[in-house]
Amino acid sequence: MTVTHTQVHEAAESIQEAGNVRVLLMRQILPVERDTDVIKLYVDPDPAQLDADKYDIGHSRAAHEANAIATRIQNATKGISAIHPDQIVSRTGFRIEAGETVSFGTYFNAFPASYWRRHTIVDTVRLTVHLEGTGGTVIVYRSMANGRSQRVDSATVEGASGEFSFDLPLKPFVDGGWYWYDVVSAEGDVVVQGAEWTAEVAPEDAPKGTVTVGITTMNRQDFCAKLLTQLGQDPALEGVVDEVVVMEQGKDKVVDSEYFPEARESLGDRLRIIEQGNIGGSGGFARAQYEALKSGRSDYVLMLDDDVECETEGLVRAATFGDLCRRPTIVGGHMFSIYQKTQLHSFGETIEPYSFWWGSAPGVTPAWDFAERNLRSTRWLHARVDVDYNGWFMCLIPVQVLREVGLSLPVFIKWDDSEFGLRAKAAGYPTVSLPGAAVWHVPWTDKNDALDWQSYFHVRNRMIAALLHSKYPRGGRLLRESFNHQVKHLVSMQYSTVELRHKALEDVLAGPHALHGVLGSTLPELKTLVAGSDDATIIADPAELPEVKRHKLPRKGKQPGPVISGRAATLQALLQPLRQLRGPRTDAREHPEAEIKAMDARWHLIGRYDSALVSMPDGTGAAFYRRDPRRFKELMTRTVEIHRRLVAEWDELAQQYRAALPEITSPETWEQTFEPWMTSGDERDDVTTAGA
């Protein structure tokens, strides 16, 4: 039996106000098209082997590293059971072979009880499991925040099939914990046709919110068209998605993709394409927010990247969760790696307040692979993770929040999502990164955004966000860290990156009122600024790479490594800037002295050479770095002066940015920015194109 979101809405409307209504919270799902690359996120045939408690491991870093090594060895030596594609009988059904046990205590099918307990009006859930097969047994488990689990209840099929319901309280899940179920096939094959997690609520509280999906795209037409088809072909989204608005900001149009006709047919009149200039992700997503406010149709706007693969059921879960929250709540999804699809790349993000830098929430282990260690075995996944924001690769925002706190900050490509989360949090609207809602995306670690033109936006937008939200004098450690990073880039011969960061800081000092006006013009200026710089010139053809010639043999035959001790790093931090003042060796201008892989390109390694061939993190090529003492002195002088100004003017700047925030994020101001691309024509067919 399968219950859709639309059926729940209809059931809610048919029940009289005097009684409660039972609503669907989430259902059992299996991979689309029997994709076994992701099967461990849905069902798990392996046993639970709970890892060591952090209090038993010890407090030292060495102890934790030793435990991590032991865990990896354990994972490598234990047998991994395989799932056959034909065991997936439908989107909700799974066949378990005779004599086997399969757990649904997985990322997509376990019930994240602590999140529902903390944020929603639900206090009891009912699990209903539908089995076919004589002797099939369902066993219900729960876990605590420390990962320990216990058996809660069980039932066995008597006859050919059975439907079993279990009422499960949420009271004992204050700090963390999940519910899940295992199914045992003792006598013959058993098919789990479906399972639903439901709850009783008052009719006025029943889920009814609908969604406008906003996708900003630029030159990823095929990826975007396939994503649109995903959204259009899932019947579970009917009655949930009012409209999918695509902000087309590139030259290669999504409408020209070979996959677009199928996308248009599947979405019909729910699809709208808006063409506008390249004003970044914040400009695209702000347009989606603006359009949702203007139309007044939807309760939520879902920000979704154009280059993701989406588990569409997560969208339904996010909307349902948002409807049942005690207060309007931003509901985000998690990110899995699109290259290693069982690897969890982003589970929960916070802003570290003193350094004002984003990162994984406390207790989260990055790059966790469920194919190697399942949910039931992993302690840290059982503690509830609280966040400051959720990335806009998948993030559901209530329209009510937009009305009160404004739209995206006009900052182009970086920090728009994190700043919005902080702004909403300050206004009393929390963000929840909800387990069971996720996309697959290119991990940030595989991008080059700390060195290329994107570094400008990292620096400028981080500073602006800190000026708006940091509670520490002069942003805490932020300015000191900024200065240190400049020195690291200088000793690494990354002069173009230093130039970009200088411009970023100078633009911060210019104040907030120019932000809208430069949305579409800054990127071309940045590319012109760094054009011709050695470190910004990527050599893609291997035949054009210069020959490496080392100036002398390595001491005792040992090459310097990318990993050094803290004491050695301190020594290098003192010596490297002094070394930059010496003239480089003549041969180093024509021949790099070393070839350094992107993964090893640390400042203390690059700075040892007068020139080096350094590959890019995205694997597209390499750059020929050359040391230039004159440029080093010039850029170091500017670095000192700019940071001196930031220290002196911080309080005044913070006051300016905070005073301007309501204006620069208002729908009215954004409307002026969108004006060149606002449509005045009629809709044609099922796609409206707003363009110049």
# chains A, B, ... in the order shown; residues from 1 in each chain; ligands from 1
call {"tool": "residues_around", "arguments": {"residues": "segment 372-387 of chain A", "least_positions_apart": "5", "cutoff": "8 Å", "atoms": "only C-alpha atoms", "output": "JSON, numbers by chain"}}
result
{"A": [40, 44, 46, 48, 49, 50, 51, 52, 53, 75, 76, 105, 106, 107, 114, 115, 143, 144, 145, 146, 147, 148, 175, 176, 177, 178, 348, 349, 350, 361, 362, 363, 364, 365, 431, 432, 433]}
call {"tool": "write_last_selection", "arguments": {"atoms": "C-alpha atoms", "output": "PDB file, in the first residue's frame"}}
result
ATOM      1  CA  LYS A  40      23.074   1.121   1.109  1.00  0.00           C
ATOM      2  CA  ASP A  44      21.209  -2.594   4.685  1.00  0.00           C
ATOM      3  CA  ASP A  46      25.021  -5.915   7.077  1.00  0.00           C
ATOM      4  CA  ALA A  48      25.350  -3.419  13.307  1.00  0.00           C
ATOM      5  CA  GLN A  49      28.774  -3.130  14.967  1.00  0.00           C
ATOM      6  CA  LEU A  50      28.623  -0.008  17.100  1.00  0.00           C
ATOM      7  CA  ASP A  51      31.888   1.911  17.115  1.00  0.00           C
ATOM      8  CA  ALA A  52      33.736   2.950  20.238  1.00  0.00           C
ATOM      9  CA  ASP A  53      32.314   5.609  22.543  1.00  0.00           C
ATOM     10  CA  ASN A  75      35.394  -2.275   7.729  1.00  0.00           C
ATOM     11  CA  ALA A  76      37.941  -3.590   5.228  1.00  0.00           C
ATOM     12  CA  GLY A 105      17.717   1.394   9.615  1.00  0.00           C
ATOM     13  CA  THR A 106      19.262   3.452   6.814  1.00  0.00           C
ATOM     14  CA  TYR A 107      19.649   7.089   5.851  1.00  0.00           C
ATOM     15  CA  SER A 114      14.908  13.370  17.633  1.00  0.00           C
ATOM     16  CA  TYR A 115      14.388  15.971  14.902  1.00  0.00           C
ATOM     17  CA  SER A 143      18.428   4.178  19.419  1.00  0.00           C
ATOM     18  CA  MET A 144      19.648   6.730  21.903  1.00  0.00           C
ATOM     19  CA  ALA A 145      21.809   9.778  21.285  1.00  0.00           C
ATOM     20  CA  ASN A 146      24.968   7.757  22.055  1.00  0.00           C
ATOM     21  CA  GLY A 147      24.104   5.199  19.358  1.00  0.00           C
ATOM     22  CA  ARG A 148      23.092   2.334  21.619  1.00  0.00           C
ATOM     23  CA  ASP A 175      19.215  14.639  22.502  1.00  0.00           C
ATOM     24  CA  GLY A 176      19.056  12.243  19.578  1.00  0.00           C
ATOM     25  CA  GLY A 177      18.000   8.814  18.375  1.00  0.00           C
ATOM     26  CA  TRP A 178      16.154   7.072  15.548  1.00  0.00           C
ATOM     27  CA  GLY A 348      25.110  19.903   9.169  1.00  0.00           C
ATOM     28  CA  GLU A 349      26.777  23.308   8.876  1.00  0.00           C
ATOM     29  CA  THR A 350      27.493  26.027  11.414  1.00  0.00           C
ATOM     30  CA  ALA A 361      28.696  21.261  12.972  1.00  0.00           C
ATOM     31  CA  PRO A 362      30.367  20.007  16.172  1.00  0.00           C
ATOM     32  CA  GLY A 363      30.319  16.214  16.319  1.00  0.00           C
ATOM     33  CA  VAL A 364      29.948  15.721  12.554  1.00  0.00           C
ATOM     34  CA  THR A 365      32.508  13.579  10.734  1.00  0.00           C
ATOM     35  CA  THR A 431      17.043  25.991  10.339  1.00  0.00           C
ATOM     36  CA  VAL A 432      16.881  22.186  10.423  1.00  0.00           C
ATOM     37  CA  SER A 433      19.034  19.959   8.202  1.00  0.00           C
TER      38      SER A 433
END
call {"tool": "select_by_dssp", "arguments": {"residues": "segment 264-426 of chain A", "states": "strand (DSSP E)", "output": "PyMOL selection string"}}
result
chain A and resi 271-275+300-305+309-310+330-337+343-346+349-352+357-360+368-369+394-398
call {"tool": "residues_around", "arguments": {"residues": "segment 118-129 of chain A", "least_positions_apart": "6", "cutoff": "10 Å", "atoms": "only C-alpha atoms", "output": "compact mmCIF listing (two decimals) with C-alpha atoms, in the first residue's frame"}}
result
# COMPACT_ATOMS: atom_id res chain seq x y z
CA MET A 1 0.00 0.00 0.00
CA ARG A 22 -3.80 10.75 10.52
CA VAL A 23 -1.15 12.15 8.21
CA LEU A 24 1.80 10.63 6.40
CA LEU A 25 5.19 11.80 7.71
CA MET A 26 7.39 9.63 5.51
CA ARG A 27 7.22 6.32 3.67
CA GLN A 28 9.58 3.51 2.81
CA PHE A 111 12.86 7.68 11.14
CA VAL A 138 9.28 -7.28 11.39
CA VAL A 140 11.23 -2.45 15.53
CA ALA A 155 5.34 -9.15 14.79
CA GLY A 162 0.22 -9.24 7.14
CA GLU A 163 -0.08 -5.56 8.00
CA PHE A 164 1.44 -4.54 11.34
CA SER A 165 1.22 -1.22 13.17
CA PHE A 166 3.32 0.00 16.08
CA ASP A 167 2.60 3.17 18.07
CA LEU A 168 5.91 4.73 19.08
CA PRO A 169 6.36 7.69 21.47
CA LEU A 170 8.83 10.48 20.73
CA LYS A 171 9.31 11.50 24.36
CA PHE A 173 14.49 11.50 22.04
CA VAL A 174 15.54 14.84 23.53
CA ASP A 175 19.22 14.64 22.50
CA GLY A 176 19.06 12.24 19.58
CA TYR A 179 13.45 4.47 15.05
CA TRP A 180 13.83 1.78 12.40
CA TYR A 181 12.77 -1.76 11.55
CA VAL A 183 12.66 -7.68 8.45
CA VAL A 192 8.13 -5.69 2.17
CA GLN A 193 5.55 -4.00 -0.02
CA GLY A 194 5.71 -0.75 1.86
CA ALA A 195 5.90 0.99 5.20
CA GLU A 196 4.59 4.34 6.44
CA TRP A 197 5.34 6.55 9.39
CA THR A 198 2.18 8.46 10.31
CA ALA A 199 0.86 10.66 13.13
CA GLU A 200 -2.44 12.05 14.37
CA VAL A 201 -2.84 15.81 14.34
CA ASP A 205 -2.46 21.25 11.54
CA PHE A 321 8.17 18.52 8.28
CA GLY A 322 7.91 22.27 7.72
CA ASP A 323 4.11 22.13 7.94
CA LEU A 324 4.25 20.37 11.30
CA CYS A 325 6.96 22.51 12.91
CA ARG A 326 5.93 24.54 15.95
CA ARG A 327 7.14 27.73 14.29
CA PRO A 328 8.05 28.62 10.70
CA THR A 329 11.28 26.73 10.07
CA ARG A 384 20.82 15.34 16.87
CA PRO A 430 15.52 28.16 13.04
CA THR A 431 17.04 25.99 10.34
CA VAL A 432 16.88 22.19 10.42
call {"tool": "closest_residue", "arguments": {"among": "A:Met463, A:Val301, A:Gly436, A:Ala202", "to": "Asn109 of chain A", "atoms": "only C-alpha atoms"}}
result
A:Gly436
call {"tool": "closest_residue", "arguments": {"among": "A:Leu344, A:Ala654, A:Ala160, A:Leu304", "to": "Ser360 of chain A", "atoms": "only C-alpha atoms"}}
result
A:Leu344
call {"tool": "residues_around", "arguments": {"residues": "segment 631-644 of chain A", "least_positions_apart": "6", "cutoff": "10 Å", "atoms": "only C-alpha atoms", "output": "list in words"}}
result
Leu479, Arg480, Ser482, Phe483, Asn484, Gln486, Val487, Leu490, Val491, Met493, Gln494, Tyr495, Val498, Glu499, Arg501, His502, Lys503, Leu505, Glu506, Leu509, Pro577, Gln580 and Leu581 of chain A
call {"tool": "residues_around", "arguments": {"residues": "segment 605-611 of chain A", "least_positions_apart": "5", "cutoff": "10 Å", "atoms": "only C-alpha atoms", "output": "PyMOL selection string"}}
result
chain A and resi 488-494+548+550-551+559-564+572+575-577+579-580+582-596+600+624-628
call {"tool": "write_last_selection", "arguments": {"atoms": "C-alpha atoms", "output": "PDB file, in the first residue's frame"}}
result
ATOM      1  CA  LYS A 488      50.348  32.279   2.880  1.00  0.00           C
ATOM      2  CA  HIS A 489      49.218  33.074  -0.660  1.00  0.00           C
ATOM      3  CA  LEU A 490      52.127  35.476  -1.103  1.00  0.00           C
ATOM      4  CA  VAL A 491      54.800  32.970  -0.077  1.00  0.00           C
ATOM      5  CA  SER A 492      53.028  30.430  -2.327  1.00  0.00           C
ATOM      6  CA  MET A 493      53.512  32.728  -5.347  1.00  0.00           C
ATOM      7  CA  GLN A 494      49.723  32.953  -5.769  1.00  0.00           C
ATOM      8  CA  VAL A 548      61.057  20.402 -14.488  1.00  0.00           C
ATOM      9  CA  ARG A 550      65.705  20.856  -9.934  1.00  0.00           C
ATOM     10  CA  HIS A 551      68.352  23.386  -8.886  1.00  0.00           C
ATOM     11  CA  GLN A 559      62.078  15.544  -0.700  1.00  0.00           C
ATOM     12  CA  PRO A 560      60.158  18.030   1.509  1.00  0.00           C
ATOM     13  CA  GLY A 561      56.709  16.690   2.284  1.00  0.00           C
ATOM     14  CA  PRO A 562      53.303  18.405   2.424  1.00  0.00           C
ATOM     15  CA  VAL A 563      52.760  17.422   6.080  1.00  0.00           C
ATOM     16  CA  ILE A 564      54.875  19.026   8.808  1.00  0.00           C
ATOM     17  CA  GLN A 572      58.512  28.082   8.192  1.00  0.00           C
ATOM     18  CA  LEU A 575      61.412  32.087   7.447  1.00  0.00           C
ATOM     19  CA  GLN A 576      59.281  31.993   4.298  1.00  0.00           C
ATOM     20  CA  PRO A 577      58.385  35.733   4.136  1.00  0.00           C
ATOM     21  CA  ARG A 579      63.045  34.193   1.784  1.00  0.00           C
ATOM     22  CA  GLN A 580      60.697  35.983  -0.623  1.00  0.00           C
ATOM     23  CA  ARG A 582      65.855  37.246  -2.138  1.00  0.00           C
ATOM     24  CA  GLY A 583      66.203  37.204  -5.888  1.00  0.00           C
ATOM     25  CA  PRO A 584      65.099  33.949  -7.564  1.00  0.00           C
ATOM     26  CA  ARG A 585      67.505  31.665  -9.406  1.00  0.00           C
ATOM     27  CA  THR A 586      67.784  32.530 -13.095  1.00  0.00           C
ATOM     28  CA  ASP A 587      66.850  29.087 -14.418  1.00  0.00           C
ATOM     29  CA  ALA A 588      63.656  29.096 -12.372  1.00  0.00           C
ATOM     30  CA  ARG A 589      62.045  31.552 -14.813  1.00  0.00           C
ATOM     31  CA  GLU A 590      62.122  28.977 -17.606  1.00  0.00           C
ATOM     32  CA  HIS A 591      61.984  25.680 -15.743  1.00  0.00           C
ATOM     33  CA  PRO A 592      59.925  24.866 -12.649  1.00  0.00           C
ATOM     34  CA  GLU A 593      61.988  23.489  -9.797  1.00  0.00           C
ATOM     35  CA  ALA A 594      59.278  21.080  -8.703  1.00  0.00           C
ATOM     36  CA  GLU A 595      55.981  19.582  -9.764  1.00  0.00           C
ATOM     37  CA  ILE A 596      53.385  19.683  -6.982  1.00  0.00           C
ATOM     38  CA  ASP A 600      49.962  18.543  -1.691  1.00  0.00           C
ATOM     39  CA  PHE A 624      53.548  27.628 -13.612  1.00  0.00           C
ATOM     40  CA  TYR A 625      54.198  29.592 -10.416  1.00  0.00           C
ATOM     41  CA  ARG A 626      57.210  31.974 -10.421  1.00  0.00           C
ATOM     42  CA  ARG A 627      58.573  33.928  -7.472  1.00  0.00           C
ATOM     43  CA  ASP A 628      58.682  37.724  -7.906  1.00  0.00           C
TER      44      ASP A 628
END
call {"tool": "decode", "arguments": {"residues": "segment 116-158 of chain A", "atoms": "N, CA and C atoms", "output": "compact mmCIF listing (two decimals), in the first residue's frame"}}
result
# COMPACT_ATOMS: atom_id res chain seq x y z
N TRP A 116 12.08 15.24 14.82
CA TRP A 116 10.63 15.43 14.92
C TRP A 116 10.24 15.80 16.35
N ARG A 117 10.89 15.22 17.31
CA ARG A 117 10.59 15.50 18.71
C ARG A 117 10.94 16.95 19.07
N ARG A 118 12.09 17.43 18.56
CA ARG A 118 12.58 18.76 18.92
C ARG A 118 11.79 19.87 18.26
N HIS A 119 11.38 19.68 16.99
CA HIS A 119 10.89 20.83 16.22
C HIS A 119 9.41 20.79 15.86
N THR A 120 8.73 19.65 15.99
CA THR A 120 7.36 19.56 15.49
C THR A 120 6.35 19.33 16.61
N ILE A 121 5.08 19.40 16.23
CA ILE A 121 3.99 19.18 17.19
C ILE A 121 3.71 17.70 17.39
N VAL A 122 4.38 16.83 16.65
CA VAL A 122 4.14 15.39 16.73
C VAL A 122 4.75 14.84 18.02
N ASP A 123 3.97 14.03 18.77
CA ASP A 123 4.51 13.41 19.98
C ASP A 123 4.50 11.89 19.93
N THR A 124 3.76 11.31 18.98
CA THR A 124 3.72 9.85 18.80
C THR A 124 3.62 9.55 17.31
N VAL A 125 4.39 8.57 16.86
CA VAL A 125 4.29 8.15 15.46
C VAL A 125 3.82 6.71 15.40
N ARG A 126 3.18 6.39 14.31
CA ARG A 126 2.76 5.01 14.07
C ARG A 126 3.50 4.48 12.85
N LEU A 127 4.18 3.37 13.05
CA LEU A 127 4.84 2.66 11.95
C LEU A 127 3.93 1.55 11.48
N THR A 128 3.59 1.53 10.19
CA THR A 128 2.78 0.46 9.61
C THR A 128 3.59 -0.21 8.50
N VAL A 129 3.79 -1.53 8.63
CA VAL A 129 4.62 -2.27 7.69
C VAL A 129 3.74 -3.33 7.00
N HIS A 130 3.89 -3.46 5.68
CA HIS A 130 3.08 -4.40 4.89
C HIS A 130 4.00 -5.50 4.35
N LEU A 131 3.77 -6.74 4.81
CA LEU A 131 4.61 -7.86 4.43
C LEU A 131 3.82 -8.88 3.64
N GLU A 132 4.49 -9.52 2.68
CA GLU A 132 3.94 -10.67 1.97
C GLU A 132 4.96 -11.79 2.05
N GLY A 133 4.53 -12.93 2.58
CA GLY A 133 5.44 -14.06 2.69
C GLY A 133 5.28 -14.74 4.04
N THR A 134 5.04 -16.01 4.01
CA THR A 134 4.82 -16.78 5.23
C THR A 134 6.02 -16.72 6.16
N GLY A 135 5.77 -16.44 7.43
CA GLY A 135 6.82 -16.44 8.43
C GLY A 135 7.67 -15.19 8.48
N GLY A 136 7.35 -14.22 7.67
CA GLY A 136 8.11 -12.97 7.69
C GLY A 136 7.92 -12.23 9.01
N THR A 137 9.01 -11.69 9.57
CA THR A 137 8.94 -11.01 10.86
C THR A 137 9.50 -9.60 10.73
N VAL A 138 8.78 -8.65 11.32
CA VAL A 138 9.28 -7.28 11.39
C VAL A 138 9.66 -6.99 12.85
N ILE A 139 10.85 -6.42 13.05
CA ILE A 139 11.35 -6.09 14.39
C ILE A 139 11.63 -4.59 14.43
N VAL A 140 11.07 -3.90 15.41
CA VAL A 140 11.23 -2.45 15.53
C VAL A 140 12.31 -2.15 16.57
N TYR A 141 13.21 -1.22 16.22
CA TYR A 141 14.29 -0.81 17.13
C TYR A 141 14.23 0.70 17.34
N ARG A 142 14.87 1.12 18.42
CA ARG A 142 15.11 2.54 18.64
C ARG A 142 16.54 2.71 19.14
N SER A 143 17.09 3.89 18.92
CA SER A 143 18.43 4.18 19.42
C SER A 143 18.39 5.40 20.32
N MET A 144 19.46 5.55 21.07
CA MET A 144 19.65 6.73 21.90
C MET A 144 20.68 7.64 21.26
N ALA A 145 20.88 8.81 21.86
CA ALA A 145 21.81 9.78 21.29
C ALA A 145 23.23 9.26 21.22
N ASN A 146 23.60 8.31 22.08
CA ASN A 146 24.97 7.76 22.05
C ASN A 146 25.10 6.56 21.11
N GLY A 147 24.04 6.26 20.36
CA GLY A 147 24.10 5.20 19.36
C GLY A 147 23.66 3.83 19.83
N ARG A 148 23.54 3.63 21.13
CA ARG A 148 23.09 2.33 21.62
C ARG A 148 21.63 2.12 21.25
N SER A 149 21.31 0.89 20.91
CA SER A 149 19.95 0.60 20.43
C SER A 149 19.31 -0.52 21.24
N GLN A 150 17.99 -0.59 21.15
CA GLN A 150 17.25 -1.65 21.82
C GLN A 150 16.04 -2.05 20.99
N ARG A 151 15.64 -3.29 21.17
CA ARG A 151 14.46 -3.81 20.47
C ARG A 151 13.21 -3.27 21.15
N VAL A 152 12.26 -2.81 20.35
CA VAL A 152 11.05 -2.20 20.88
C VAL A 152 9.85 -3.13 20.78
N ASP A 153 9.67 -3.75 19.62
CA ASP A 153 8.50 -4.60 19.40
C ASP A 153 8.75 -5.45 18.17
N SER A 154 7.87 -6.44 17.93
CA SER A 154 8.00 -7.28 16.74
C SER A 154 6.66 -7.92 16.44
N ALA A 155 6.54 -8.44 15.22
CA ALA A 155 5.34 -9.15 14.79
C ALA A 155 5.71 -10.08 13.65
N THR A 156 4.96 -11.20 13.52
CA THR A 156 5.25 -12.21 12.50
C THR A 156 4.01 -12.49 11.68
N VAL A 157 4.20 -12.66 10.37
CA VAL A 157 3.10 -12.96 9.46
C VAL A 157 2.55 -14.35 9.76
N GLU A 158 1.25 -14.42 9.92
CA GLU A 158 0.56 -15.71 10.03
C GLU A 158 -0.33 -15.84 8.81
